$ cat structure-v8.cif   # mmCIF, C-alpha atoms and all ligand atoms
data_run
#
loop_
_atom_site.label_atom_id
_atom_site.label_comp_id
_atom_site.auth_asym_id
_atom_site.auth_seq_id
_atom_site.Cartn_x
_atom_site.Cartn_y
_atom_site.Cartn_z
CA MET A 1 278.57 40.02 237.06
CA ASN A 2 276.69 38.23 234.38
CA VAL A 3 273.20 37.76 235.75
CA ALA A 4 271.82 39.78 232.89
CA ASN A 5 272.97 39.50 229.33
CA ARG A 6 272.55 42.18 226.72
CA ASN A 7 274.95 42.94 223.93
CA ALA A 8 273.70 46.08 222.27
CA SER A 9 274.63 49.38 223.91
CA ALA A 10 271.98 52.09 223.90
CA PRO A 11 272.65 55.84 223.97
CA ALA A 12 272.36 57.43 227.43
CA VAL A 13 269.23 59.34 226.46
CA GLN A 14 267.44 56.08 225.70
CA TRP A 15 268.42 54.70 229.09
CA LEU A 16 267.14 57.87 230.74
CA GLU A 17 263.81 57.58 228.98
CA ARG A 18 263.42 53.88 229.72
CA TYR A 19 264.44 54.35 233.33
CA ALA A 20 261.90 57.15 233.84
CA ALA A 21 259.10 55.20 232.15
CA VAL A 22 259.64 52.00 234.13
CA ARG A 23 259.97 53.82 237.46
CA GLN A 24 256.90 55.94 236.81
CA GLN A 25 254.82 52.85 236.00
CA SER A 26 255.40 51.38 239.49
CA VAL A 27 254.03 54.52 241.13
CA ALA A 28 251.14 54.67 238.66
CA LEU A 29 250.10 51.11 239.53
CA CYS A 30 249.67 52.23 243.14
CA ALA A 31 247.60 55.30 242.30
CA PRO A 32 244.20 53.62 242.92
CA LEU A 33 245.25 52.60 246.46
CA SER A 34 244.24 54.29 249.67
CA VAL A 35 247.02 55.17 252.09
CA GLU A 36 245.85 52.31 254.35
CA ASP A 37 246.38 49.77 251.55
CA TYR A 38 250.07 50.61 251.11
CA GLY A 39 251.21 48.94 254.32
CA MET A 40 249.08 45.77 254.23
CA GLN A 41 250.61 42.28 254.17
CA SER A 42 247.81 39.72 253.82
CA MET A 43 250.10 36.66 254.02
CA SER A 44 253.83 36.05 254.22
CA ASP A 45 254.19 35.64 250.43
CA VAL A 46 252.66 39.09 249.92
CA SER A 47 254.66 42.27 250.43
CA PRO A 48 253.03 45.62 251.19
CA PRO A 49 252.85 47.89 248.11
CA LYS A 50 254.94 50.43 250.01
CA TRP A 51 257.65 47.81 250.49
CA HIS A 52 257.77 47.04 246.74
CA LEU A 53 258.19 50.76 245.98
CA ALA A 54 261.06 51.01 248.44
CA HIS A 55 262.74 47.68 247.63
CA THR A 56 263.00 48.42 243.89
CA SER A 57 264.71 51.71 244.82
CA TRP A 58 267.04 49.87 247.20
CA PHE A 59 268.02 47.62 244.29
CA PHE A 60 269.21 50.56 242.16
CA GLU A 61 270.85 52.16 245.18
CA THR A 62 272.72 49.03 246.26
CA PHE A 63 273.78 47.57 242.95
CA ILE A 64 274.30 50.73 240.87
CA LEU A 65 274.54 53.97 242.85
CA VAL A 66 276.78 52.79 245.68
CA PRO A 67 279.39 51.17 243.40
CA TYR A 68 279.14 53.51 240.39
CA PHE A 69 278.02 56.98 241.50
CA LYS A 70 280.91 58.69 243.22
CA GLY A 71 279.90 60.52 246.38
CA TYR A 72 276.43 59.02 246.52
CA LEU A 73 274.81 59.49 249.93
CA ALA A 74 272.19 56.96 250.98
CA PHE A 75 268.75 58.46 251.69
CA ASN A 76 268.64 56.53 254.97
CA PRO A 77 271.33 53.93 255.79
CA GLN A 78 268.79 51.86 257.79
CA TYR A 79 266.81 51.17 254.63
CA ALA A 80 269.55 48.73 253.59
CA TYR A 81 268.21 46.42 256.32
CA LEU A 82 264.50 47.08 255.80
CA PHE A 83 264.39 46.73 252.03
CA ASN A 84 266.93 44.03 251.23
CA SER A 85 264.76 41.11 250.09
CA TYR A 86 267.03 38.05 250.09
CA TYR A 87 270.63 39.08 249.30
CA GLN A 88 272.44 37.48 252.22
CA THR A 89 275.88 38.51 250.97
CA VAL A 90 274.87 42.20 251.06
CA GLY A 91 273.84 42.24 254.72
CA THR A 92 271.24 41.18 257.27
CA LEU A 93 267.57 41.19 256.29
CA PHE A 94 264.39 42.35 257.98
CA PRO A 95 262.15 39.22 258.20
CA ARG A 96 259.93 38.86 255.15
CA ALA A 97 256.85 37.76 257.08
CA GLN A 98 256.97 40.95 259.18
CA ARG A 99 256.99 43.51 256.38
CA GLY A 100 253.41 44.37 257.25
CA VAL A 101 254.39 45.81 260.65
CA LEU A 102 256.48 48.58 259.09
CA SER A 103 254.23 51.59 259.64
CA ARG A 104 257.39 53.64 259.14
CA PRO A 105 258.76 54.81 256.81
CA THR A 106 255.50 56.38 255.76
CA VAL A 107 254.21 56.26 252.19
CA GLN A 108 255.34 59.84 251.75
CA GLU A 109 258.84 59.02 252.97
CA VAL A 110 259.04 56.04 250.60
CA LEU A 111 258.02 58.28 247.69
CA GLU A 112 260.74 60.75 248.73
CA TYR A 113 263.21 57.86 248.83
CA ARG A 114 262.25 57.01 245.26
CA LYS A 115 262.80 60.62 244.19
CA HIS A 116 266.21 60.67 245.87
CA VAL A 117 267.28 57.50 244.04
CA ASP A 118 265.79 58.72 240.74
CA ALA A 119 267.63 62.04 240.91
CA ALA A 120 270.96 60.28 241.47
CA MET A 121 270.24 57.75 238.73
CA GLN A 122 269.39 60.52 236.29
CA SER A 123 272.70 62.24 237.05
CA LEU A 124 274.56 58.97 236.60
CA LEU A 125 272.81 58.21 233.32
CA THR A 126 273.79 61.53 231.75
CA GLY A 127 277.31 60.10 231.55
CA THR A 128 278.53 57.09 229.59
CA VAL A 129 276.63 53.87 230.10
CA HIS A 130 278.48 50.74 229.09
CA GLY A 131 279.81 47.41 230.23
CA ASP A 132 278.96 46.22 233.70
CA LEU A 133 276.94 49.36 234.48
CA GLU A 134 274.78 48.77 231.42
CA GLN A 135 274.14 45.16 232.43
CA ARG A 136 273.17 46.21 235.96
CA LEU A 137 270.93 48.94 234.67
CA GLU A 138 269.12 46.47 232.42
CA LEU A 139 268.79 44.08 235.34
CA GLY A 140 267.44 46.84 237.59
CA LEU A 141 264.75 47.71 235.04
CA GLN A 142 263.80 44.07 234.48
CA HIS A 143 263.71 43.60 238.27
CA GLU A 144 261.37 46.55 238.65
CA GLN A 145 259.08 45.08 235.97
CA GLN A 146 258.96 41.81 237.90
CA HIS A 147 257.88 43.76 240.96
CA GLN A 148 255.19 45.56 238.96
CA GLU A 149 253.49 42.21 238.38
CA LEU A 150 253.99 41.33 242.06
CA LEU A 151 252.45 44.67 243.02
CA LEU A 152 249.26 43.72 241.18
CA THR A 153 249.11 40.15 242.50
CA ASP A 154 249.79 41.37 246.03
CA ILE A 155 247.23 44.18 245.79
CA LYS A 156 244.71 41.60 244.56
CA HIS A 157 245.40 39.39 247.56
CA ILE A 158 245.19 42.34 249.97
CA LEU A 159 241.88 43.63 248.60
CA GLY A 160 240.44 40.20 247.77
CA GLY A 161 240.77 39.04 251.37
CA ASN A 162 238.64 41.92 252.57
CA PRO A 163 234.95 40.92 252.98
CA LEU A 164 233.96 44.22 251.35
CA LYS A 165 235.67 42.96 248.16
CA PRO A 166 236.72 46.45 247.07
CA ALA A 167 237.66 46.87 243.41
CA TYR A 168 241.22 48.00 242.73
CA ARG A 169 239.73 50.02 239.89
CA GLN A 170 236.96 49.73 237.34
CA LEU A 171 238.09 47.37 234.59
CA PRO A 172 237.03 47.44 230.91
CA ALA A 173 234.38 44.93 229.87
CA GLY A 174 236.09 41.79 228.67
CA SER A 175 235.39 39.50 225.76
CA THR A 176 232.27 37.37 226.04
CA CYS A 177 232.81 35.14 223.01
CA ALA A 178 232.19 31.41 223.40
CA THR A 179 235.20 29.27 224.25
CA ALA A 180 236.79 28.00 221.06
CA ALA A 181 237.16 24.20 220.80
CA VAL A 182 240.66 23.01 221.61
CA THR A 183 242.79 21.87 218.70
CA TRP A 184 246.07 20.03 219.20
CA LEU A 185 249.18 21.57 217.69
CA PRO A 186 251.54 18.69 216.78
CA HIS A 187 255.33 18.63 217.07
CA THR A 188 257.50 15.83 215.79
CA ALA A 189 260.19 14.14 217.84
CA GLY A 190 263.78 15.29 217.56
CA VAL A 191 266.63 17.29 219.00
CA ARG A 192 265.62 20.89 219.66
CA GLN A 193 267.30 23.92 221.20
CA ILE A 194 265.92 25.86 224.16
CA GLY A 195 267.29 28.70 226.26
CA ALA A 196 268.06 32.36 225.68
CA GLN A 197 269.25 33.66 222.34
CA ALA A 198 272.65 35.31 222.64
CA ASN A 199 271.75 38.82 221.47
CA ASP A 200 268.74 39.56 223.62
CA PHE A 201 268.40 40.33 227.29
CA SER A 202 268.01 37.23 229.44
CA PHE A 203 268.31 36.22 233.05
CA ASP A 204 271.06 33.79 234.00
CA ASN A 205 268.52 31.00 234.59
CA GLU A 206 267.61 31.02 230.86
CA ARG A 207 271.17 30.16 229.89
CA PRO A 208 273.02 28.42 228.42
CA ARG A 209 271.04 27.64 225.31
CA HIS A 210 271.25 23.89 224.91
CA ARG A 211 269.89 20.85 223.14
CA VAL A 212 266.98 18.76 224.38
CA TYR A 213 265.37 15.68 222.93
CA LEU A 214 261.60 15.77 222.62
CA HIS A 215 259.28 12.89 221.80
CA ASP A 216 256.25 13.41 219.55
CA PHE A 217 253.79 15.62 221.37
CA ALA A 218 250.91 17.99 220.78
CA ILE A 219 250.04 21.07 222.80
CA ALA A 220 246.59 22.55 223.26
CA SER A 221 245.61 25.60 221.19
CA ARG A 222 244.50 27.53 224.27
CA PRO A 223 244.63 27.40 228.08
CA VAL A 224 242.02 25.46 230.10
CA SER A 225 238.87 27.54 230.59
CA ASN A 226 236.77 28.19 233.68
CA GLY A 227 233.98 26.14 232.11
CA GLU A 228 236.26 23.13 231.73
CA TYR A 229 237.55 23.59 235.25
CA LEU A 230 233.98 23.78 236.57
CA ALA A 231 233.33 20.37 234.99
CA PHE A 232 236.30 19.03 236.98
CA ILE A 233 234.84 20.51 240.18
CA ASP A 234 231.37 19.13 239.39
CA ALA A 235 232.91 15.69 238.74
CA GLY A 236 234.19 15.69 242.32
CA GLY A 237 237.72 16.70 241.38
CA TYR A 238 238.42 18.08 244.85
CA SER A 239 237.20 14.93 246.62
CA ARG A 240 238.96 12.21 244.60
CA PRO A 241 242.43 11.49 246.01
CA GLU A 242 243.28 9.24 243.06
CA LEU A 243 243.56 12.37 240.88
CA TRP A 244 246.07 14.10 243.12
CA LEU A 245 249.75 13.93 243.89
CA SER A 246 250.26 12.96 247.51
CA ASP A 247 251.67 16.37 248.46
CA GLY A 248 248.81 18.06 246.62
CA TRP A 249 246.16 16.01 248.41
CA GLN A 250 247.76 16.97 251.72
CA GLU A 251 247.68 20.67 250.77
CA LEU A 252 244.06 20.37 249.67
CA GLN A 253 243.05 18.85 253.00
CA GLN A 254 245.05 21.24 255.15
CA ARG A 255 243.87 24.34 253.31
CA HIS A 256 240.35 23.07 252.58
CA TRP A 257 240.65 23.75 248.85
CA GLN A 258 237.39 23.31 246.94
CA ALA A 259 238.00 25.62 244.00
CA PRO A 260 240.65 28.08 242.70
CA LEU A 261 241.74 30.90 244.97
CA TYR A 262 239.24 33.81 245.04
CA TRP A 263 236.31 31.54 244.04
CA GLN A 264 233.22 31.21 246.23
CA ARG A 265 229.75 29.84 245.67
CA GLN A 266 227.00 32.43 246.04
CA ASP A 267 223.31 31.83 245.26
CA ASN A 268 224.20 28.51 243.60
CA ALA A 269 226.67 30.10 241.20
CA TRP A 270 230.43 30.48 241.38
CA HIS A 271 231.72 34.00 241.86
CA HIS A 272 235.27 35.26 242.11
CA TYR A 273 237.18 38.30 243.19
CA THR A 274 238.86 40.16 240.36
CA LEU A 275 240.74 43.44 240.45
CA GLY A 276 237.48 44.88 239.12
CA GLY A 277 235.52 43.55 242.11
CA TRP A 278 233.25 40.59 242.91
CA LEU A 279 231.83 39.00 239.75
CA PRO A 280 230.25 35.78 238.45
CA VAL A 281 232.84 33.37 237.01
CA PRO A 282 232.59 33.49 233.17
CA ALA A 283 232.89 30.01 231.65
CA GLU A 284 234.82 31.21 228.60
CA GLN A 285 237.81 32.81 230.34
CA PRO A 286 241.01 30.89 231.14
CA VAL A 287 241.00 29.51 234.67
CA CYS A 288 243.54 31.16 236.95
CA HIS A 289 244.78 31.19 240.53
CA VAL A 290 245.28 27.43 240.58
CA SER A 291 248.28 25.73 242.14
CA TYR A 292 250.54 23.27 240.34
CA TYR A 293 248.78 20.53 242.26
CA GLU A 294 245.38 21.61 240.95
CA ALA A 295 246.71 21.93 237.39
CA ASP A 296 248.21 18.45 237.62
CA ALA A 297 245.00 16.92 239.07
CA PHE A 298 242.91 18.55 236.34
CA ALA A 299 245.23 17.17 233.64
CA ARG A 300 245.01 13.67 235.12
CA TRP A 301 241.21 13.90 235.28
CA ALA A 302 241.14 15.06 231.64
CA GLY A 303 243.33 12.13 230.57
CA LYS A 304 246.05 14.53 229.43
CA ARG A 305 249.21 15.99 231.00
CA LEU A 306 250.99 19.29 231.49
CA PRO A 307 253.64 20.18 228.91
CA THR A 308 257.27 20.21 229.93
CA GLU A 309 258.94 23.61 229.80
CA ALA A 310 260.98 22.46 226.78
CA GLU A 311 257.79 21.47 224.93
CA TRP A 312 256.22 24.82 225.78
CA GLU A 313 259.27 26.76 224.58
CA VAL A 314 259.52 24.84 221.32
CA ALA A 315 255.81 25.50 220.70
CA ALA A 316 256.25 29.22 221.48
CA ALA A 317 259.61 29.82 219.81
CA ASP A 318 258.25 31.28 216.57
CA VAL A 319 255.15 32.87 218.04
CA PRO A 320 255.18 36.68 218.44
CA VAL A 321 254.91 37.95 222.01
CA ARG A 322 251.38 39.28 221.68
CA GLY A 323 248.43 38.85 223.97
CA ASN A 324 246.59 40.17 226.98
CA PHE A 325 249.27 41.88 229.09
CA VAL A 326 249.10 44.61 231.72
CA GLU A 327 249.07 47.27 228.99
CA ALA A 328 245.67 45.99 227.76
CA GLY A 329 244.18 47.09 231.08
CA TYR A 330 241.91 44.07 231.63
CA LEU A 331 244.02 42.81 234.57
CA HIS A 332 242.21 39.52 234.16
CA PRO A 333 242.53 36.65 231.67
CA GLN A 334 240.28 37.01 228.64
CA ALA A 335 238.44 34.58 226.37
CA ALA A 336 240.25 33.15 223.40
CA ASP A 337 239.15 35.51 220.66
CA ALA A 338 241.42 38.39 221.67
CA ILE A 339 244.42 37.42 219.54
CA PRO A 340 243.61 33.95 218.17
CA SER A 341 246.71 33.38 216.07
CA THR A 342 248.98 33.20 219.10
CA ALA A 343 247.07 30.39 220.87
CA GLN A 344 247.28 32.54 224.02
CA LEU A 345 250.79 31.24 224.61
CA TYR A 346 251.70 34.67 225.96
CA GLY A 347 249.66 36.74 228.37
CA ASP A 348 246.41 35.96 230.19
CA VAL A 349 247.78 33.29 232.57
CA TRP A 350 251.17 31.89 233.50
CA GLN A 351 251.05 28.23 232.53
CA TRP A 352 252.31 25.62 234.94
CA THR A 353 254.66 23.14 233.32
CA ALA A 354 255.63 19.64 234.39
CA SER A 355 259.25 20.76 234.81
CA ASP A 356 261.23 21.29 237.98
CA TYR A 357 262.92 24.66 238.23
CA ALA A 358 266.43 23.29 237.77
CA PRO A 359 269.70 24.56 236.30
CA TYR A 360 270.23 24.06 232.58
CA PRO A 361 273.23 21.92 231.58
CA GLY A 362 276.37 23.99 232.13
CA TYR A 363 274.62 26.64 234.28
CA ARG A 364 276.73 28.36 236.89
CA ALA A 365 275.29 31.00 239.20
CA PRO A 366 277.16 34.28 238.67
CA THR A 367 279.66 35.30 241.32
CA GLY A 368 278.89 38.06 243.81
CA ALA A 369 275.66 39.18 245.45
CA LEU A 370 273.71 39.30 242.18
CA GLY A 371 274.40 35.58 241.81
CA GLU A 372 271.70 35.21 244.47
CA TYR A 373 269.07 36.57 242.05
CA ASN A 374 267.93 33.23 240.59
CA GLY A 375 270.27 30.30 241.16
CA LYS A 376 269.71 29.70 244.86
CA PHE A 377 266.00 29.04 244.29
CA MET A 378 266.56 26.00 242.08
CA CYS A 379 265.02 23.50 244.47
CA ASN A 380 261.44 22.32 245.04
CA GLN A 381 259.82 24.80 242.65
CA ARG A 382 258.08 24.37 239.28
CA VAL A 383 258.48 26.39 236.10
CA LEU A 384 255.68 28.50 234.66
CA ARG A 385 255.77 29.95 231.15
CA GLY A 386 254.15 32.63 229.06
CA GLY A 387 253.40 35.65 231.25
CA SER A 388 250.02 36.91 232.39
CA CYS A 389 247.49 39.72 232.19
CA ALA A 390 249.58 41.44 234.88
CA SER A 391 252.96 41.11 233.10
CA PRO A 392 254.53 43.96 231.13
CA GLN A 393 254.71 42.84 227.49
CA SER A 394 258.31 43.99 227.04
CA HIS A 395 259.36 41.75 229.92
CA LEU A 396 258.60 38.45 228.16
CA ARG A 397 260.15 36.10 225.62
CA ALA A 398 259.99 32.40 224.70
CA SER A 399 262.88 31.43 226.98
CA TYR A 400 261.55 33.28 230.08
CA ARG A 401 261.30 31.01 233.13
CA ASN A 402 259.05 31.96 236.01
CA PHE A 403 259.07 29.72 239.07
CA PHE A 404 256.97 29.19 242.16
CA TYR A 405 256.38 26.52 244.77
CA PRO A 406 253.73 24.02 243.67
CA ALA A 407 251.15 25.12 246.25
CA THR A 408 251.30 28.77 245.09
CA ARG A 409 247.94 30.21 243.99
CA TRP A 410 248.05 33.98 244.33
CA GLN A 411 249.84 34.54 241.02
CA PHE A 412 247.82 34.63 237.77
CA SER A 413 248.60 30.95 237.23
CA GLY A 414 246.60 28.66 234.95
CA LEU A 415 247.34 25.72 232.71
CA ARG A 416 247.51 24.39 229.18
CA LEU A 417 247.33 20.70 228.37
CA ALA A 418 249.60 18.51 226.27
CA VAL A 419 249.39 14.94 224.97
CA ASP A 420 251.79 12.30 223.68
CA ILE A 421 251.15 11.41 220.05
FE FE B 1 263.23 42.02 244.24
#
$ encode --input "structure-v8.cif" --output "structure tokens" --more "lines below"
Ligand SMILES: [Fe+2]
Amino acid sequence: MNVANRNASAPAVQWLERYAAVRQQSVALCAPLSVEDYGMQSMSDVSPPKWHLAHTSWFFETFILVPYFKGYLAFNPQYAYLFNSYYQTVGTLFPRAQRGVLSRPTVQEVLEYRKHVDAAMQSLLTGTVHGDLEQRLELGLQHEQQHQELLLTDIKHILGGNPLKPAYRQLPAGSTCATAAVTWLPHTAGVRQIGAQANDFSFDNERPRHRVYLHDFAIASRPVSNGEYLAFIDAGGYSRPELWLSDGWQELQQRHWQAPLYWQRQDNAWHHYTLGGWLPVPAEQPVCHVSYYEADAFARWAGKRLPTEAEWEVAAADVPVRGNFVEAGYLHPQAADAIPSTAQLYGDVWQWTASDYAPYPGYRAPTGALGEYNGKFMCNQRVLRGGSCASPQSHLRASYRNFFYPATRWQFSGLRLAVDI
């Protein structure tokens, strides 16, 4: 198994502490929910919060406790069917689109399932942690962090679709500074290296590190703002087919898109649903909840283009991973003054790139069930870079590749422009 890569071994006590902290954070993210919220599935892409809490436990149970913890007894053998997401080689799956009908197990039973798995994991982690077990443990923690972001995006979709527009929780007041003018950060043509560095954790899809040739380009100093996106809307952006890819225009017509997801006109002003409730759209914040098709149409309208993922990674390679992440508590993208030196490359919004989610040269999906983690999705999706206001900071790095289908809008997805020079 080589889905995850990490060279340095950590003492067992550090694993215990990290394991407890990551697992506790998932439960904490659900604390503002009512019991009714836990089972909701507002569309097939969304999973009920209860399902996320159970599935992340199933992951540790299936890939660590069953093979490595002698005598482990499953909490409920039927959960292997209910909470397997997409690992066909492990067994049959409960249909994804029907996760919202699972009134049982109850929330309380799912929390007990988590405790059962945690107790066994804590016993296991008091022993020696090395080799394959260490790699799986790291993968399990990274997997749970991915689901923490999904918990927030799914909760937002569940609550945001309710006409009462209930807030997930009260959010801190954000920055209200004016949008800084865009500057263009130049990069000269040449052979560059992208992909994961050998000594740090990475997913298999970030490897192998390899050479790419880039032409002269410049990348924008910040993401596109709501104000700029409003100008695109006001210029008839959603009614001009010449700005859109054919597939995008079809999506727009079928889904009646007129603005980003969660946006609605009210009293002649745009409002949007945020995790803090229903609010006017601030012009200075980065636009989010746009699809790849919308990002691409905006770039065409602006006379620019989206960066490739290689251009983005080269631009971000020496930039510290600082920004507006889940730990900041805003749970919404913020205006550009927060941490200006980083050009908001990390945090705030995932940035759509012009790149297909494809294997790097020399990539081979790992053998075994965990080889299903990333490789089998390398078709018809686009890469996003940088992380968002819902991502854990420790989960990100320059080589991190997120990927979604181009019509996807419920993630915190925005865009940054690039130009040829
Ligand atoms: Fe998962």
$ residues_around --input "structure-v8.cif" --residues "segment 390-401 of chain A" --least-positions-apart "3" --cutoff "6 Å" --atoms "all atoms listed in the file" --output "list of chain:residue names"
A:Glu149, A:Gly195, A:Ala196, A:Glu313, A:Ala316, A:Ala317, A:Phe325, A:Val326, A:Leu331, A:Arg385, A:Gly387
$ residues_near_ligand --input "structure-v8.cif" --ligand "ligand FE 1 (chain B)" --cutoff "8 Å" --atoms "only C-alpha atoms and all ligand atoms" --output "MDAnalysis selection string"
chainID A and resid 52 55:56 59 85 143:144 146:147
$ closest_residue --input "structure-v8.cif" --among "A:Arg305, A:Arg207, A:His272, A:Arg322" --to "Arg364 of chain A" --atoms "all atoms listed in the file"
A:Arg207
$ closest_residue --input "structure-v8.cif" --among "A:Pro361, A:Pro163, A:Gly414, A:Gly140" --to "Leu384 of chain A" --atoms "all atoms listed in the file"
A:Gly414
$ atom_distance --input "structure-v8.cif" --atom1 "atom CA of Val314 of chain A" --atom2 "atom CA of Val224 of chain A"
19.6 Å
$ closest_residue --input "structure-v8.cif" --among "A:Pro77, A:Phe298, A:Leu124, A:Asn84" --to "Ala231 of chain A" --atoms "all atoms listed in the file"
A:Phe298
$ closest_residue --input "structure-v8.cif" --among "A:Leu415, A:Ile219, A:Met43, A:Cys389" --to "Thr188 of chain A" --atoms "all atoms listed in the file"
A:Ile219
$ closest_residue --input "structure-v8.cif" --among "A:Trp352, A:Tyr79, A:Tyr238, A:Tyr262" --to "Ile158 of chain A" --atoms "all atoms listed in the file"
A:Tyr262
$ closest_residue --input "structure-v8.cif" --among "A:Gly127, A:Pro48, A:Gly174, A:Pro105" --to "Tyr68 of chain A" --atoms "all atoms listed in the file"
A:Gly127
$ build_atoms --input "structure-v8.cif" --residues "segment 198-205 of chain A" --atoms "all heavy atoms" --output "PDB file, keeping the file's coordinate frame"
ATOM      1  N   ALA A 198     271.483  34.566 222.152  1.00  0.00           N
ATOM      2  CA  ALA A 198     272.650  35.310 222.640  1.00  0.00           C
ATOM      3  C   ALA A 198     272.478  36.822 222.617  1.00  0.00           C
ATOM      4  O   ALA A 198     273.005  37.522 223.475  1.00  0.00           O
ATOM      5  CB  ALA A 198     273.875  34.919 221.820  1.00  0.00           C
ATOM      6  N   ASN A 199     271.740  37.366 221.651  1.00  0.00           N
ATOM      7  CA  ASN A 199     271.750  38.820 221.470  1.00  0.00           C
ATOM      8  C   ASN A 199     270.698  39.586 222.256  1.00  0.00           C
ATOM      9  O   ASN A 199     270.682  40.806 222.241  1.00  0.00           O
ATOM     10  CB  ASN A 199     271.586  39.154 219.985  1.00  0.00           C
ATOM     11  CG  ASN A 199     272.831  38.750 219.221  1.00  0.00           C
ATOM     12  OD1 ASN A 199     273.932  38.788 219.767  1.00  0.00           O
ATOM     13  ND2 ASN A 199     272.645  38.339 217.991  1.00  0.00           N
ATOM     14  N   ASP A 200     269.802  38.880 222.905  1.00  0.00           N
ATOM     15  CA  ASP A 200     268.740  39.560 223.620  1.00  0.00           C
ATOM     16  C   ASP A 200     268.996  39.517 225.122  1.00  0.00           C
ATOM     17  O   ASP A 200     269.759  38.690 225.604  1.00  0.00           O
ATOM     18  CB  ASP A 200     267.392  38.891 223.318  1.00  0.00           C
ATOM     19  CG  ASP A 200     267.067  38.960 221.834  1.00  0.00           C
ATOM     20  OD1 ASP A 200     267.405  39.987 221.214  1.00  0.00           O
ATOM     21  OD2 ASP A 200     266.501  37.985 221.313  1.00  0.00           O
ATOM     22  N   PHE A 201     268.287  40.397 225.838  1.00  0.00           N
ATOM     23  CA  PHE A 201     268.400  40.330 227.290  1.00  0.00           C
ATOM     24  C   PHE A 201     267.876  38.975 227.782  1.00  0.00           C
ATOM     25  O   PHE A 201     266.887  38.443 227.272  1.00  0.00           O
ATOM     26  CB  PHE A 201     267.570  41.435 227.953  1.00  0.00           C
ATOM     27  CG  PHE A 201     267.471  41.225 229.445  1.00  0.00           C
ATOM     28  CD1 PHE A 201     268.509  41.614 230.272  1.00  0.00           C
ATOM     29  CD2 PHE A 201     266.372  40.577 229.997  1.00  0.00           C
ATOM     30  CE1 PHE A 201     268.450  41.369 231.635  1.00  0.00           C
ATOM     31  CE2 PHE A 201     266.303  40.338 231.361  1.00  0.00           C
ATOM     32  CZ  PHE A 201     267.344  40.734 232.175  1.00  0.00           C
ATOM     33  N   SER A 202     268.530  38.445 228.788  1.00  0.00           N
ATOM     34  CA  SER A 202     268.010  37.230 229.440  1.00  0.00           C
ATOM     35  C   SER A 202     268.526  37.208 230.866  1.00  0.00           C
ATOM     36  O   SER A 202     269.544  37.823 231.192  1.00  0.00           O
ATOM     37  CB  SER A 202     268.474  35.976 228.703  1.00  0.00           C
ATOM     38  OG  SER A 202     269.883  35.900 228.694  1.00  0.00           O
ATOM     39  N   PHE A 203     267.808  36.496 231.706  1.00  0.00           N
ATOM     40  CA  PHE A 203     268.310  36.220 233.050  1.00  0.00           C
ATOM     41  C   PHE A 203     269.249  35.017 232.978  1.00  0.00           C
ATOM     42  O   PHE A 203     269.171  34.193 232.045  1.00  0.00           O
ATOM     43  CB  PHE A 203     267.154  35.916 234.002  1.00  0.00           C
ATOM     44  CG  PHE A 203     266.351  37.125 234.381  1.00  0.00           C
ATOM     45  CD1 PHE A 203     265.065  37.297 233.898  1.00  0.00           C
ATOM     46  CD2 PHE A 203     266.884  38.093 235.217  1.00  0.00           C
ATOM     47  CE1 PHE A 203     264.319  38.414 234.245  1.00  0.00           C
ATOM     48  CE2 PHE A 203     266.147  39.212 235.561  1.00  0.00           C
ATOM     49  CZ  PHE A 203     264.863  39.374 235.081  1.00  0.00           C
ATOM     50  N   ASP A 204     270.096  34.893 233.981  1.00  0.00           N
ATOM     51  CA  ASP A 204     271.060  33.790 234.000  1.00  0.00           C
ATOM     52  C   ASP A 204     270.378  32.418 233.955  1.00  0.00           C
ATOM     53  O   ASP A 204     270.902  31.479 233.383  1.00  0.00           O
ATOM     54  CB  ASP A 204     271.959  33.896 235.237  1.00  0.00           C
ATOM     55  CG  ASP A 204     271.173  33.902 236.534  1.00  0.00           C
ATOM     56  OD1 ASP A 204     270.055  34.458 236.551  1.00  0.00           O
ATOM     57  OD2 ASP A 204     271.656  33.344 237.539  1.00  0.00           O
ATOM     58  N   ASN A 205     269.177  32.316 234.532  1.00  0.00           N
ATOM     59  CA  ASN A 205     268.520  31.000 234.590  1.00  0.00           C
ATOM     60  C   ASN A 205     267.994  30.535 233.232  1.00  0.00           C
ATOM     61  O   ASN A 205     267.545  29.402 233.103  1.00  0.00           O
ATOM     62  CB  ASN A 205     267.392  30.998 235.628  1.00  0.00           C
ATOM     63  CG  ASN A 205     266.274  31.973 235.313  1.00  0.00           C
ATOM     64  OD1 ASN A 205     266.271  32.615 234.269  1.00  0.00           O
ATOM     65  ND2 ASN A 205     265.325  32.090 236.220  1.00  0.00           N
TER      66      ASN A 205
END
